[in-house]
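Heads up: the structure comes next, in structure tokens.
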2 protein chains.
Amino acid sequence: MYIAMNRFRVIRGEEETFETMWKTRERHLNTVPGYVEFHLLRGPAHDDHTLYASHTIWESHEAFVAWTRSEQFRQAHARAGGTKPLYLGGPQFEGFEAVIIEGKDGSRVGDAA
Amino acid sequence: MYIAMNRFRVIRGEEETFETMWKTRERHLNTVPGYVEFHLLRGPAHDDHTLYASHTIWESHEAFVAWTRSEQFRQAHARAGGTKPLYLGGPQFEGFEAVIIEGKDGSRVGDAA
């Protein structure tokens with residue numbers, strides 16, 4: 001399992017606009033091979049921003065890389081932007097490989113990557 | 001859905017020890033009400049550390065708070081420590097509320113919090 005995470009420092013007062021942008025965007029990930037799940041997450045509020053994170057969960061790092069090289073990826077990112085800035089700086093990308101996954105029933109996948 | 005996230009800057013060369021510590025620790029979360037899933041994730045490597053993140057997924061923020069006030073929590077954290085430092089600074093905690101959850105089948109939970 002691989003998680004592509006982006007962190008966004010959303011300017012205070014722009015939170016609702018930012019969430020609405022995500023809720024109303026065109027979606028295509030569910031047709032991409034290896035895609036598992038997407039989360040938009042609201043984190044702690046700071047003086048000048050509220051932290052958000054997006055998690056896109058993939059079956060493997062390879063599936064994620066294949067998507068970034070696809071025509072779908074190019075089109076999705078060509079559509080982005082065009083409005084006034086909602087966050088400070090750019091989104092900060094971090095990719096993570098799962099080392100351990102433990103479920104509710106006590107099951108474990110060790111070395112899940 | 002609520003995600004309690006900790007970020008660890010693990011000293012280069014200590015990654016295997018850090019992962020082994022997690023793989024061999026006593027586990028009790030699966031008996032805690034509202035617990036859903038746990039992930040230990042390996043992120044990008046930097047000059048002096050490798051970033052790791054733990055995600056503990058809860059049904060709600062309330063379930064997480066109840067756990068932090070439990071005797072189980074106190075005992076789990078009393079057992080921690082005692083070895084040489086594996087990471088720079090302390091773990092950095094960030095809590096996140098889910099705003100959107102989208103599954104593989106195109107399903108969506110908006111305002112998932």
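Convention: chains lettered A, B, ... in structure tokens order; per-chain residue numbering from 1; ligands numbered from 1 as shown.
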Could you give me, as a PyMOL selection string, each residue of region 35-66 of chain B that DSSP assigns to strand (DSSP E or B) when run on this structure's backbone? chain B and resi 35-45+49-58
Per-residue nearest contacts chain A to chain B, cut-off 10 Å, using only C-alpha atoms, as a tab-separated table:
```
residue	atom	partner	partner_atom	distance
A:Met1	CA	B:Leu41	CA	9.4
A:Tyr2	CA	B:Leu41	CA	8.6
A:Ile3	CA	B:Leu41	CA	8.4
A:Ala4	CA	B:Gly43	CA	9.7
A:Met5	CA	B:Gly43	CA	9.8
A:Glu19	CA	B:Val99	CA	7.6
A:Trp22	CA	B:Ile100	CA	8.3
A:Lys23	CA	B:Gly110	CA	7.2
A:Arg27	CA	B:Gly106	CA	8.6
A:His28	CA	B:Gly106	CA	8.7
A:Leu29	CA	B:Lys104	CA	8.2
A:Asn30	CA	B:Lys104	CA	5.3
A:Thr31	CA	B:Lys104	CA	8.3
A:Val32	CA	B:Lys104	CA	9.3
A:Pro33	CA	B:Lys104	CA	9.9
A:Gly34	CA	B:Lys104	CA	9.2
A:Tyr35	CA	B:Lys104	CA	6.6
A:Val36	CA	B:Lys104	CA	5.1
A:Glu37	CA	B:Gly103	CA	4.7
A:Phe38	CA	B:Glu102	CA	5.0
A:His39	CA	B:Ile101	CA	4.6
A:Leu40	CA	B:Ile100	CA	5.0
A:Leu41	CA	B:Ala98	CA	4.4
A:Arg42	CA	B:Glu97	CA	5.1
A:Gly43	CA	B:Phe96	CA	4.2
A:Pro44	CA	B:Gly95	CA	6.6
A:Leu51	CA	B:Phe96	CA	8.9
A:Tyr52	CA	B:Phe96	CA	7.9
A:Ala53	CA	B:Phe96	CA	8.1
A:Ser54	CA	B:Ile100	CA	9.3
A:His55	CA	B:Ile101	CA	9.6
A:Thr56	CA	B:Glu102	CA	9.5
A:Ile57	CA	B:Gly103	CA	9.8
A:Phe93	CA	B:Pro44	CA	9.9
A:Glu94	CA	B:Gly43	CA	6.7
A:Gly95	CA	B:Gly43	CA	5.7
A:Phe96	CA	B:Gly43	CA	4.2
A:Glu97	CA	B:Arg42	CA	5.1
A:Ala98	CA	B:Leu41	CA	4.4
A:Val99	CA	B:Leu41	CA	5.4
A:Ile100	CA	B:Leu40	CA	5.0
A:Ile101	CA	B:His39	CA	4.7
A:Glu102	CA	B:Phe38	CA	5.1
A:Gly103	CA	B:Glu37	CA	4.7
A:Lys104	CA	B:Val36	CA	5.1
A:Asp105	CA	B:Asn30	CA	6.3
A:Gly106	CA	B:Asn30	CA	5.6
A:Ser107	CA	B:Asn30	CA	9.1
A:Arg108	CA	B:Phe38	CA	9.3
A:Val109	CA	B:His39	CA	9.6
A:Gly110	CA	B:Lys23	CA	7.2
A:Asp111	CA	B:Lys23	CA	9.1
A:Ala112	CA	B:Leu40	CA	9.4
A:Ala113	CA	B:Leu41	CA	9.1
```
Could you please take those selected residues and save C-alpha atoms as an mmCIF file, in the first residue's frame?
```cif
data_model
loop_
_atom_site.group_PDB
_atom_site.id
_atom_site.type_symbol
_atom_site.label_atom_id
_atom_site.label_comp_id
_atom_site.auth_asym_id
_atom_site.auth_seq_id
_atom_site.Cartn_x
_atom_site.Cartn_y
_atom_site.Cartn_z
ATOM 1 C CA MET A 1 0.000 0.000 0.000
ATOM 2 C CA TYR A 2 1.252 3.473 -0.927
ATOM 3 C CA ILE A 3 -0.193 6.799 0.263
ATOM 4 C CA ALA A 4 0.350 9.963 -1.773
ATOM 5 C CA MET A 5 -0.200 12.784 0.671
ATOM 6 C CA GLU A 19 -13.686 22.233 0.776
ATOM 7 C CA TRP A 22 -12.862 19.527 -3.593
ATOM 8 C CA LYS A 23 -16.466 18.409 -3.171
ATOM 9 C CA ARG A 27 -13.620 12.944 -10.347
ATOM 10 C CA HIS A 28 -11.835 10.317 -12.361
ATOM 11 C CA LEU A 29 -9.575 8.460 -9.912
ATOM 12 C CA ASN A 30 -11.993 5.564 -9.496
ATOM 13 C CA THR A 31 -11.286 4.533 -13.095
ATOM 14 C CA VAL A 32 -7.498 4.448 -12.583
ATOM 15 C CA PRO A 33 -5.824 1.025 -12.101
ATOM 16 C CA GLY A 34 -4.480 0.475 -8.584
ATOM 17 C CA TYR A 35 -6.470 3.297 -6.980
ATOM 18 C CA VAL A 36 -7.958 2.344 -3.592
ATOM 19 C CA GLU A 37 -9.342 5.344 -1.703
ATOM 20 C CA PHE A 38 -9.204 9.133 -1.376
ATOM 21 C CA HIS A 39 -9.534 11.206 1.819
ATOM 22 C CA LEU A 40 -9.676 14.954 2.227
ATOM 23 C CA LEU A 41 -8.818 15.700 5.860
ATOM 24 C CA ARG A 42 -9.129 18.847 7.963
ATOM 25 C CA GLY A 43 -6.317 19.255 10.490
ATOM 26 C CA PRO A 44 -5.421 21.752 13.187
ATOM 27 C CA LEU A 51 -3.886 22.578 7.798
ATOM 28 C CA TYR A 52 -5.566 20.171 5.375
ATOM 29 C CA ALA A 53 -4.218 16.922 3.984
ATOM 30 C CA SER A 54 -5.293 14.803 1.046
ATOM 31 C CA HIS A 55 -4.494 11.112 1.147
ATOM 32 C CA THR A 56 -4.721 9.097 -2.035
ATOM 33 C CA ILE A 57 -4.266 5.428 -1.257
ATOM 34 C CA PHE A 93 3.817 16.442 -1.368
ATOM 35 C CA GLU A 94 4.965 13.444 0.697
ATOM 36 C CA GLY A 95 4.737 9.827 -0.422
ATOM 37 C CA PHE A 96 4.554 7.005 2.131
ATOM 38 C CA GLU A 97 4.972 3.237 1.890
ATOM 39 C CA ALA A 98 2.998 1.177 4.388
ATOM 40 C CA VAL A 99 5.254 -0.724 6.794
ATOM 41 C CA ILE A 100 2.503 -2.101 9.049
ATOM 42 C CA ILE A 101 -1.260 -2.247 8.537
ATOM 43 C CA GLU A 102 -3.379 -3.477 11.454
ATOM 44 C CA GLY A 103 -7.118 -3.958 11.197
ATOM 45 C CA LYS A 104 -9.904 -3.821 13.748
ATOM 46 C CA ASP A 105 -9.991 -7.607 14.142
ATOM 47 C CA GLY A 106 -6.339 -7.679 15.237
ATOM 48 C CA SER A 107 -5.136 -8.749 11.785
ATOM 49 C CA ARG A 108 -1.756 -7.481 10.689
ATOM 50 C CA VAL A 109 0.088 -7.024 7.444
ATOM 51 C CA GLY A 110 3.747 -6.487 8.387
ATOM 52 C CA ASP A 111 6.078 -5.225 5.669
ATOM 53 C CA ALA A 112 2.920 -4.253 3.860
ATOM 54 C CA ALA A 113 4.868 -2.360 1.224
#
```
For the helix (DSSP H, G or I) assignment from backbone DSSP, which residues of region 6-74 of chain B qualify? Please present them as an mmCIF file with C-alpha atoms, in the first residue's frame.
```cif
data_model
loop_
_atom_site.group_PDB
_atom_site.id
_atom_site.type_symbol
_atom_site.label_atom_id
_atom_site.label_comp_id
_atom_site.auth_asym_id
_atom_site.auth_seq_id
_atom_site.Cartn_x
_atom_site.Cartn_y
_atom_site.Cartn_z
ATOM 1 C CA GLU B 15 15.113 2.924 10.521
ATOM 2 C CA GLU B 16 15.251 -0.848 10.996
ATOM 3 C CA THR B 17 15.353 -0.552 14.802
ATOM 4 C CA PHE B 18 12.430 1.855 14.698
ATOM 5 C CA GLU B 19 10.345 -0.448 12.486
ATOM 6 C CA THR B 20 11.197 -3.508 14.591
ATOM 7 C CA MET B 21 10.120 -1.656 17.739
ATOM 8 C CA TRP B 22 6.708 -1.076 16.163
ATOM 9 C CA LYS B 23 6.407 -4.597 14.777
ATOM 10 C CA LEU B 29 -5.826 -0.967 20.219
ATOM 11 C CA ASN B 30 -8.066 -3.602 18.651
ATOM 12 C CA THR B 31 -9.921 -3.923 21.966
ATOM 13 C CA HIS B 61 -12.917 12.328 17.417
ATOM 14 C CA GLU B 62 -14.911 11.404 20.519
ATOM 15 C CA ALA B 63 -13.690 7.787 20.361
ATOM 16 C CA PHE B 64 -10.087 9.027 20.154
ATOM 17 C CA VAL B 65 -10.524 11.388 23.118
ATOM 18 C CA ALA B 66 -12.160 8.648 25.202
ATOM 19 C CA TRP B 67 -9.151 6.404 24.521
ATOM 20 C CA THR B 68 -6.658 9.105 25.571
ATOM 21 C CA GLU B 71 -6.359 3.366 31.736
ATOM 22 C CA GLN B 72 -5.222 1.406 28.629
ATOM 23 C CA PHE B 73 -3.745 4.599 27.174
ATOM 24 C CA ARG B 74 -1.902 5.397 30.388
#
```
Computed interatomic separation between CA of Arg12 (chain B) and CA of Pro85 (chain B) (Å):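 Going from CA of Arg12 (chain B) over to CA of Pro85 (chain B) covers 11.9 Å.
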I want to know what sits within 6 Å of Thr50 (chain A), based on only C-alpha atoms, with residues of the same chain fewer than 2 positions away left out; could you give that as a PDB file with C-alpha atoms, in the first residue's frame?
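Okay, this is what ended up in around-v7.pdb:
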```
ATOM      1  CA  ARG A   9      -1.994  25.488   4.474  1.00  0.00           C
ATOM      2  CA  VAL A  10      -5.386  27.032   3.730  1.00  0.00           C
ATOM      3  CA  PRO A  44      -5.421  21.752  13.187  1.00  0.00           C
ATOM      4  CA  ALA A  45      -6.053  25.504  12.841  1.00  0.00           C
ATOM      5  CA  HIS A  46      -3.078  27.847  13.203  1.00  0.00           C
TER       6      HIS A  46
END
```
Take CA of Asp47 (chain B) and CA of Arg7 (chain B) and report the distance between them in Å, one decimal.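 One can read the CA of Asp47 (chain B) to CA of Arg7 (chain B) distance as 16.6 Å.
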Which residue gives the smallest distance to Ala76 (chain A) among A:Glu14, A:Pro91, A:Arg25, A:Trp58, with only C-alpha atoms counted? A:Arg25
Work out how far apart CA of His77 (chain A) and CA of Asn6 (chain A) are and give it in Å to one decimal.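 About the pair CA of His77 (chain A) and CA of Asn6 (chain A): they are 14.1 Å apart.
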